[in-house]
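run-v8.cif follows (mmCIF, C-alpha atoms and all ligand atoms):
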```cif
data_data
#
loop_
_atom_site.label_atom_id
_atom_site.label_comp_id
_atom_site.auth_asym_id
_atom_site.auth_seq_id
_atom_site.Cartn_x
_atom_site.Cartn_y
_atom_site.Cartn_z
CA MET A 1 29.27 -39.98 -86.71
CA GLU A 2 28.90 -38.14 -83.41
CA TYR A 3 32.00 -38.03 -81.22
CA ALA A 4 31.21 -38.96 -77.62
CA PHE A 5 33.83 -37.57 -75.30
CA GLU A 6 35.00 -39.87 -72.54
CA PRO A 7 37.71 -38.36 -70.35
CA VAL A 8 40.93 -40.07 -69.40
CA ILE A 9 41.67 -39.45 -65.75
CA ILE A 10 44.77 -40.27 -63.75
CA CYS A 11 44.49 -40.87 -60.03
CA PHE A 12 47.59 -41.03 -57.84
CA CYS A 13 46.58 -43.18 -54.87
CA CYS A 14 48.64 -43.72 -51.73
CA GLN A 15 49.10 -47.41 -51.03
CA TRP A 16 48.01 -47.28 -47.39
CA CYS A 17 44.58 -45.68 -47.40
CA SER A 18 43.25 -44.61 -50.75
CA TYR A 19 44.44 -47.63 -52.69
CA ALA A 20 42.84 -49.81 -50.02
CA ALA A 21 39.68 -47.70 -50.37
CA ALA A 22 39.73 -48.34 -54.14
CA ASP A 23 40.16 -52.04 -53.40
CA LEU A 24 37.29 -51.95 -50.95
CA ALA A 25 35.08 -50.22 -53.52
CA GLY A 26 35.88 -53.11 -55.87
CA SER A 27 35.17 -55.74 -53.21
CA MET A 28 31.86 -54.05 -52.42
CA ARG A 29 31.09 -54.14 -56.16
CA LEU A 30 30.57 -50.39 -56.21
CA GLN A 31 30.48 -48.87 -59.63
CA TYR A 32 32.90 -46.13 -60.52
CA PRO A 33 33.93 -44.94 -63.95
CA THR A 34 36.55 -46.91 -65.82
CA ASN A 35 37.87 -43.54 -67.01
CA VAL A 36 39.92 -43.37 -63.81
CA LYS A 37 43.35 -45.01 -64.16
CA ILE A 38 44.95 -45.56 -60.78
CA ILE A 39 48.67 -45.19 -60.16
CA LYS A 40 49.69 -46.55 -56.76
CA VAL A 41 52.33 -44.53 -54.91
CA PRO A 42 53.88 -45.19 -51.47
CA CYS A 43 52.51 -41.89 -50.18
CA THR A 44 50.96 -38.86 -51.89
CA GLY A 45 53.96 -36.91 -50.62
CA ARG A 46 55.86 -38.63 -53.45
CA VAL A 47 53.71 -37.02 -56.14
CA ASP A 48 55.41 -33.92 -57.46
CA VAL A 49 54.02 -31.02 -59.43
CA ILE A 50 55.74 -32.18 -62.63
CA SER A 51 53.96 -35.56 -62.48
CA LEU A 52 50.59 -33.85 -62.11
CA LEU A 53 51.12 -31.47 -65.03
CA LYS A 54 52.93 -34.04 -67.16
CA GLY A 55 49.82 -36.22 -66.93
CA LEU A 56 47.78 -33.43 -68.48
CA GLU A 57 50.44 -32.72 -71.05
CA GLU A 58 50.59 -36.36 -72.10
CA GLY A 59 46.89 -36.58 -72.78
CA ALA A 60 44.95 -37.00 -69.54
CA ASP A 61 41.92 -34.73 -69.26
CA GLY A 62 42.11 -34.59 -65.47
CA VAL A 63 44.44 -35.67 -62.69
CA PHE A 64 43.69 -36.16 -59.04
CA VAL A 65 45.53 -37.27 -55.96
CA SER A 66 43.86 -39.36 -53.27
CA GLY A 67 45.64 -39.66 -49.96
CA CYS A 68 45.04 -40.61 -46.35
CA LEU A 69 42.85 -38.38 -44.24
CA LEU A 70 44.66 -35.29 -42.99
CA GLY A 71 46.49 -36.22 -39.81
CA ASP A 72 46.57 -39.93 -40.77
CA CYS A 73 49.39 -40.03 -43.32
CA HIS A 74 51.64 -43.02 -42.62
CA TYR A 75 54.63 -40.77 -43.26
CA ILE A 76 53.27 -38.03 -41.01
CA SER A 77 52.90 -35.11 -43.41
CA GLY A 78 53.00 -36.52 -46.96
CA ASN A 79 49.38 -35.66 -47.66
CA GLN A 80 49.90 -32.10 -46.41
CA ARG A 81 52.78 -31.76 -48.85
CA ALA A 82 50.58 -33.22 -51.59
CA THR A 83 47.83 -30.72 -50.75
CA LYS A 84 50.26 -27.85 -51.27
CA ARG A 85 51.59 -29.35 -54.49
CA VAL A 86 48.11 -29.85 -55.91
CA ALA A 87 47.30 -26.21 -55.10
CA HIS A 88 50.55 -25.16 -56.78
CA ALA A 89 49.84 -27.35 -59.82
CA GLN A 90 46.38 -25.75 -60.09
CA LYS A 91 47.97 -22.30 -60.16
CA LEU A 92 50.56 -23.36 -62.73
CA ALA A 93 47.89 -25.04 -64.86
CA GLU A 94 46.02 -21.76 -64.89
CA THR A 95 49.09 -19.85 -66.06
CA PHE A 96 49.37 -22.34 -68.92
CA GLY A 97 45.77 -21.67 -69.85
CA LEU A 98 44.35 -24.89 -68.43
CA ASN A 99 41.33 -24.91 -66.18
CA PRO A 100 42.72 -25.51 -62.64
CA GLU A 101 39.73 -27.74 -61.89
CA ARG A 102 41.43 -30.41 -63.96
CA VAL A 103 43.68 -31.05 -60.95
CA GLU A 104 42.26 -32.02 -57.54
CA MET A 105 43.09 -33.51 -54.15
CA PHE A 106 40.89 -35.92 -52.18
CA TYR A 107 41.34 -37.75 -48.89
CA ASN A 108 40.02 -41.26 -48.25
CA SER A 109 40.75 -43.70 -45.46
CA SER A 110 40.97 -47.43 -46.17
CA ALA A 111 37.39 -47.83 -44.91
CA MET A 112 36.03 -45.22 -47.32
CA GLY A 113 35.37 -47.38 -50.38
CA PRO A 114 31.99 -45.76 -51.15
CA GLN A 115 33.47 -42.26 -50.73
CA PHE A 116 36.37 -43.14 -53.02
CA ALA A 117 33.94 -44.36 -55.67
CA GLN A 118 31.98 -41.11 -55.25
CA CYS A 119 35.15 -39.01 -55.70
CA CYS A 120 35.79 -40.88 -58.96
CA ARG A 121 32.23 -40.30 -60.18
CA ASP A 122 32.19 -36.61 -59.18
CA PHE A 123 35.58 -35.87 -60.71
CA THR A 124 34.72 -37.72 -63.92
CA ASP A 125 31.48 -35.73 -64.20
CA ARG A 126 33.41 -32.51 -63.65
CA ILE A 127 35.91 -33.32 -66.40
CA ARG A 128 33.14 -34.47 -68.74
CA LYS A 129 31.59 -31.00 -68.33
CA LEU A 130 34.93 -29.27 -68.91
CA GLY A 131 35.41 -31.21 -72.12
CA PRO A 132 38.56 -32.60 -73.65
CA SER A 133 41.95 -31.25 -72.77
CA PHE A 134 43.86 -29.72 -75.66
CA LYS A 135 45.56 -32.98 -76.66
CA LYS A 136 42.26 -34.50 -77.76
CA MET A 137 41.21 -31.73 -80.12
CA ALA A 138 41.34 -32.47 -83.81
CA PRO A 139 44.02 -30.30 -85.42
CA ASP A 140 41.65 -28.83 -87.97
CA THR A 141 39.15 -27.74 -85.31
CA CYS A 142 41.57 -26.09 -82.95
CA ALA A 143 43.47 -22.95 -83.92
CA ALA A 144 45.64 -23.37 -80.84
CA SER A 145 47.08 -26.65 -82.04
CA ALA A 146 48.48 -24.94 -85.12
CA ALA A 147 50.12 -22.17 -83.14
CA PRO A 148 50.97 -23.26 -79.62
CA ASP A 149 50.75 -19.82 -78.04
CA THR A 150 47.38 -18.84 -79.46
CA VAL A 151 43.98 -19.35 -77.94
CA CYS A 152 41.39 -21.32 -79.85
CA PRO A 153 38.13 -19.35 -79.96
CA GLY A 154 36.09 -22.49 -79.36
CA HIS A 155 38.37 -23.75 -76.62
CA PRO A 156 39.92 -21.22 -74.28
CA GLU A 157 42.74 -23.39 -73.06
CA LYS A 158 46.12 -22.60 -74.55
CA LEU A 159 48.70 -25.10 -75.64
CA LYS A 160 51.53 -23.81 -73.52
CA LEU A 161 52.03 -26.64 -71.10
CA SER A 162 54.96 -28.09 -73.00
CA THR A 163 56.98 -25.09 -71.89
CA ASP A 164 59.85 -26.50 -69.89
CA LEU A 165 58.46 -26.43 -66.37
CA THR A 166 61.81 -26.74 -64.72
CA ALA A 167 63.02 -23.67 -66.59
CA ARG A 168 60.28 -21.73 -64.85
CA GLY A 169 61.95 -22.50 -61.55
CA SER A 170 58.75 -22.87 -59.59
CA ILE A 171 57.85 -26.52 -59.55
CA HIS A 172 58.08 -26.94 -55.78
CA PRO A 173 55.69 -25.01 -53.57
FE1 LIG B 201 48.77 -42.06 -47.41
FE2 LIG B 201 50.92 -40.50 -46.92
S1 LIG B 201 50.71 -42.61 -46.59
S2 LIG B 201 49.06 -39.98 -47.90
#
```
Before we go any further, please render this structure as C-alpha cells.
Amino acid sequence: MEYAFEPVIICFCCQWCSYAAADLAGSMRLQYPTNVKIIKVPCTGRVDVISLLKGLEEGADGVFVSGCLLGDCHYISGNQRATKRVAHAQKLAETFGLNPERVEMFYNSSAMGPQFAQCCRDFTDRIRKLGPSFKKMAPDTCAASAAPDTVCPGHPEKLKLSTDLTARGSIHP
C-alpha cells in the first residue's frame, strides 16, 4: 500500500490578530488544510526558541508563528522578538541538520482571514515538498534513526535535535 505523506504542522497564533484572522477564515468558510494545528498564545513574543524546535523534535514536520502586523503588536514589540527568535530557530535547526524552511514567521491582522488561510496553504505545500521530518521515517528505511549522529543517504536531515538545547547556551537570540 502506498504511503501518502500528510504533514503535521504547528502554528503559534497570537490571540489578538492572527487567531482572530484564523477565526475569520473559518467564518468566511475559507478552506485551509487541517494539517495546521493552532496553538493560541497571548502574544508571539511568548513563543521561545525551545518551543519552536521542541515541536519539530516531538513529531511536527513544520512549525510557524503568526503574529500581528509589524508595528501593531498589542504588547508593542512581541512580534519583533518573535521574528528574531524564528530566525534564530531556523539557524539552530540548520545546525541540527534540519531544513530551516520548516520554521517560519508570518504576520496577519484580524481582518486578514483570507491571507491567513493562504499562509496555511503555502506553508503546508512547502512542507509537503520537503517531506516528512525525521520522526516519521520508518526505522528500517532510515540509517539515521539507528545512529542518531549519522546522515541517512535518502534523507539528509540528521537526528541531532534531541541534543540538550539549553546545554548549547544559545536559545535566546
Ligand atoms: Fe499579536 Fe504581540 S499581540 S504579536
Which residues of chain A come within 7 Å of ligand LIG 201 (chain B), and what is each one's closest atom pair and distance in Å (one decimal), counting all atoms listed in the file, sorted by chain and residue number, as a tab-separated table?
```
residue	atom	partner	partner_atom	distance
A:Cys14	CA	B:LIG201	FE1	4.6
A:Gln15	CA	B:LIG201	FE1	6.5
A:Trp16	CA	B:LIG201	FE1	5.3
A:Cys17	CA	B:LIG201	FE1	5.5
A:Ser18	CA	B:LIG201	FE1	6.9
A:Pro42	CA	B:LIG201	S1	6.4
A:Cys43	CA	B:LIG201	FE2	3.9
A:Thr44	CA	B:LIG201	S2	4.6
A:Gly45	CA	B:LIG201	FE2	6.0
A:Gly67	CA	B:LIG201	S2	4.0
A:Cys68	CA	B:LIG201	FE1	4.1
A:Cys73	CA	B:LIG201	FE2	3.9
A:His74	CA	B:LIG201	S1	4.1
A:Tyr75	CA	B:LIG201	FE2	5.2
A:Ile76	CA	B:LIG201	FE2	6.8
A:Ser77	CA	B:LIG201	FE2	6.7
A:Gly78	CA	B:LIG201	FE2	4.5
A:Asn79	CA	B:LIG201	S2	4.3
```
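The gap separating CA of Gly26 in chain A from CA of Gly131 in chain A is 27.3 Å, in Å to one decimal.
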Subject >> Residue among A:Val8, A:Leu70, A:Leu30, A:Ala21 lying closest to Leu56 in chain A, counting only C-alpha atoms >> reply: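 Checking each candidate against Leu56 in chain A, we get A:Val8 as the closest.
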**OP:** Determine, counting all atoms listed in the file, which protein, DNA and RNA residues have an atom within 10 Å of an atom of Ala60 in chain A; residues of the same chain fewer than 2 positions away are not included. Present the result as a list in words.
**Re:**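 Selected residues are Pro7, Val8, Ile9, Ile10, Asn35, Val36, Lys37, Leu52, Leu53, Lys54, Gly55, Leu56, Glu57, Glu58, Gly62, Val63, Arg102, Pro132, Ser133, Phe134, Lys135 and Lys136 of chain A.
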Write the residues you've just listed into a file as a CSV table (one decimal), in the coordinates of the input, and include C-alpha atoms for each of them.
```csv
chain,number,residue,atom,x,y,z
A,7,PRO,CA,37.7,-38.4,-70.4
A,8,VAL,CA,40.9,-40.1,-69.4
A,9,ILE,CA,41.7,-39.4,-65.8
A,10,ILE,CA,44.8,-40.3,-63.8
A,35,ASN,CA,37.9,-43.5,-67.0
A,36,VAL,CA,39.9,-43.4,-63.8
A,37,LYS,CA,43.4,-45.0,-64.2
A,52,LEU,CA,50.6,-33.8,-62.1
A,53,LEU,CA,51.1,-31.5,-65.0
A,54,LYS,CA,52.9,-34.0,-67.2
A,55,GLY,CA,49.8,-36.2,-66.9
A,56,LEU,CA,47.8,-33.4,-68.5
A,57,GLU,CA,50.4,-32.7,-71.0
A,58,GLU,CA,50.6,-36.4,-72.1
A,62,GLY,CA,42.1,-34.6,-65.5
A,63,VAL,CA,44.4,-35.7,-62.7
A,102,ARG,CA,41.4,-30.4,-64.0
A,132,PRO,CA,38.6,-32.6,-73.6
A,133,SER,CA,42.0,-31.2,-72.8
A,134,PHE,CA,43.9,-29.7,-75.7
A,135,LYS,CA,45.6,-33.0,-76.7
A,136,LYS,CA,42.3,-34.5,-77.8
```
Original post:
With all atoms listed in the file as the basis for distance, which of A:Val41, A:Met28, A:Met112, A:Ile50 is at the shortest distance from Phe12 in chain A?
Top reply: A:Val41
Please return the centre and edge lengths, in Å to one decimal, of a box with edges along x, y and z that contains all listed atoms of range 16-32 of chain A, widened by 6 Å on every side, as JSON.
```
{"center_x": 39.2, "center_y": -50.2, "center_z": -54.0, "size_x": 29.5, "size_y": 23.1, "size_z": 25.1}
```
Can you complete the atoms of range 92-117 of chain A to N, CA and C atoms and list them as an mmCIF file, in the coordinates of the input?
```cif
data_model
loop_
_atom_site.group_PDB
_atom_site.id
_atom_site.type_symbol
_atom_site.label_atom_id
_atom_site.label_comp_id
_atom_site.auth_asym_id
_atom_site.auth_seq_id
_atom_site.Cartn_x
_atom_site.Cartn_y
_atom_site.Cartn_z
ATOM 1 N N LEU A 92 49.738 -23.275 -61.526
ATOM 2 C CA LEU A 92 50.560 -23.360 -62.730
ATOM 3 C C LEU A 92 49.702 -23.713 -63.949
ATOM 4 N N ALA A 93 48.764 -24.646 -63.746
ATOM 5 C CA ALA A 93 47.890 -25.040 -64.860
ATOM 6 C C ALA A 93 47.164 -23.814 -65.399
ATOM 7 N N GLU A 94 46.738 -22.966 -64.486
ATOM 8 C CA GLU A 94 46.020 -21.760 -64.890
ATOM 9 C C GLU A 94 46.922 -20.847 -65.713
ATOM 10 N N THR A 95 48.177 -20.732 -65.303
ATOM 11 C CA THR A 95 49.090 -19.850 -66.060
ATOM 12 C C THR A 95 49.346 -20.427 -67.453
ATOM 13 N N PHE A 96 49.206 -21.733 -67.598
ATOM 14 C CA PHE A 96 49.370 -22.340 -68.920
ATOM 15 C C PHE A 96 48.083 -22.302 -69.727
ATOM 16 N N GLY A 97 47.039 -21.775 -69.133
ATOM 17 C CA GLY A 97 45.770 -21.670 -69.850
ATOM 18 C C GLY A 97 44.860 -22.856 -69.651
ATOM 19 N N LEU A 98 45.220 -23.741 -68.723
ATOM 20 C CA LEU A 98 44.350 -24.890 -68.430
ATOM 21 C C LEU A 98 43.427 -24.551 -67.276
ATOM 22 N N ASN A 99 42.241 -25.117 -67.296
ATOM 23 C CA ASN A 99 41.330 -24.910 -66.180
ATOM 24 C C ASN A 99 41.900 -25.619 -64.937
ATOM 25 N N PRO A 100 42.117 -24.887 -63.825
ATOM 26 C CA PRO A 100 42.720 -25.510 -62.640
ATOM 27 C C PRO A 100 41.877 -26.634 -62.047
ATOM 28 N N GLU A 101 40.594 -26.675 -62.405
ATOM 29 C CA GLU A 101 39.730 -27.740 -61.890
ATOM 30 C C GLU A 101 40.067 -29.107 -62.481
ATOM 31 N N ARG A 102 40.992 -29.123 -63.422
ATOM 32 C CA ARG A 102 41.430 -30.410 -63.960
ATOM 33 C C ARG A 102 42.381 -31.134 -63.007
ATOM 34 N N VAL A 103 42.782 -30.448 -61.956
ATOM 35 C CA VAL A 103 43.680 -31.050 -60.950
ATOM 36 C C VAL A 103 42.976 -30.960 -59.590
ATOM 37 N N GLU A 104 42.988 -32.040 -58.821
ATOM 38 C CA GLU A 104 42.260 -32.020 -57.540
ATOM 39 C C GLU A 104 42.920 -32.937 -56.514
ATOM 40 N N MET A 105 42.597 -32.677 -55.269
ATOM 41 C CA MET A 105 43.090 -33.510 -54.150
ATOM 42 C C MET A 105 41.900 -34.035 -53.358
ATOM 43 N N PHE A 106 41.921 -35.324 -53.031
ATOM 44 C CA PHE A 106 40.890 -35.920 -52.180
ATOM 45 C C PHE A 106 41.570 -36.701 -51.055
ATOM 46 N N TYR A 107 40.809 -36.990 -50.022
ATOM 47 C CA TYR A 107 41.340 -37.750 -48.890
ATOM 48 C C TYR A 107 40.366 -38.887 -48.589
ATOM 49 N N ASN A 108 40.884 -40.111 -48.536
ATOM 50 C CA ASN A 108 40.020 -41.260 -48.250
ATOM 51 C C ASN A 108 40.763 -42.263 -47.373
ATOM 52 N N SER A 109 40.142 -42.661 -46.299
ATOM 53 C CA SER A 109 40.750 -43.700 -45.460
ATOM 54 C C SER A 109 40.479 -45.061 -46.110
ATOM 55 N N SER A 110 41.126 -46.098 -45.570
ATOM 56 C CA SER A 110 40.970 -47.430 -46.170
ATOM 57 C C SER A 110 39.549 -47.959 -46.028
ATOM 58 N N ALA A 111 38.774 -47.371 -45.100
ATOM 59 C CA ALA A 111 37.390 -47.830 -44.910
ATOM 60 C C ALA A 111 36.404 -47.062 -45.796
ATOM 61 N N MET A 112 36.931 -46.108 -46.570
ATOM 62 C CA MET A 112 36.030 -45.220 -47.320
ATOM 63 C C MET A 112 35.879 -45.628 -48.798
ATOM 64 N N GLY A 113 35.594 -46.897 -49.010
ATOM 65 C CA GLY A 113 35.370 -47.380 -50.380
ATOM 66 C C GLY A 113 34.265 -46.620 -51.110
ATOM 67 N N PRO A 114 33.081 -46.469 -50.464
ATOM 68 C CA PRO A 114 31.990 -45.760 -51.150
ATOM 69 C C PRO A 114 32.362 -44.305 -51.463
ATOM 70 N N GLN A 115 33.063 -43.654 -50.512
ATOM 71 C CA GLN A 115 33.470 -42.260 -50.730
ATOM 72 C C GLN A 115 34.488 -42.168 -51.869
ATOM 73 N N PHE A 116 35.396 -43.152 -51.939
ATOM 74 C CA PHE A 116 36.370 -43.140 -53.020
ATOM 75 C C PHE A 116 35.654 -43.260 -54.368
ATOM 76 N N ALA A 117 34.705 -44.176 -54.429
ATOM 77 C CA ALA A 117 33.940 -44.360 -55.670
ATOM 78 C C ALA A 117 33.205 -43.059 -56.032
#
```
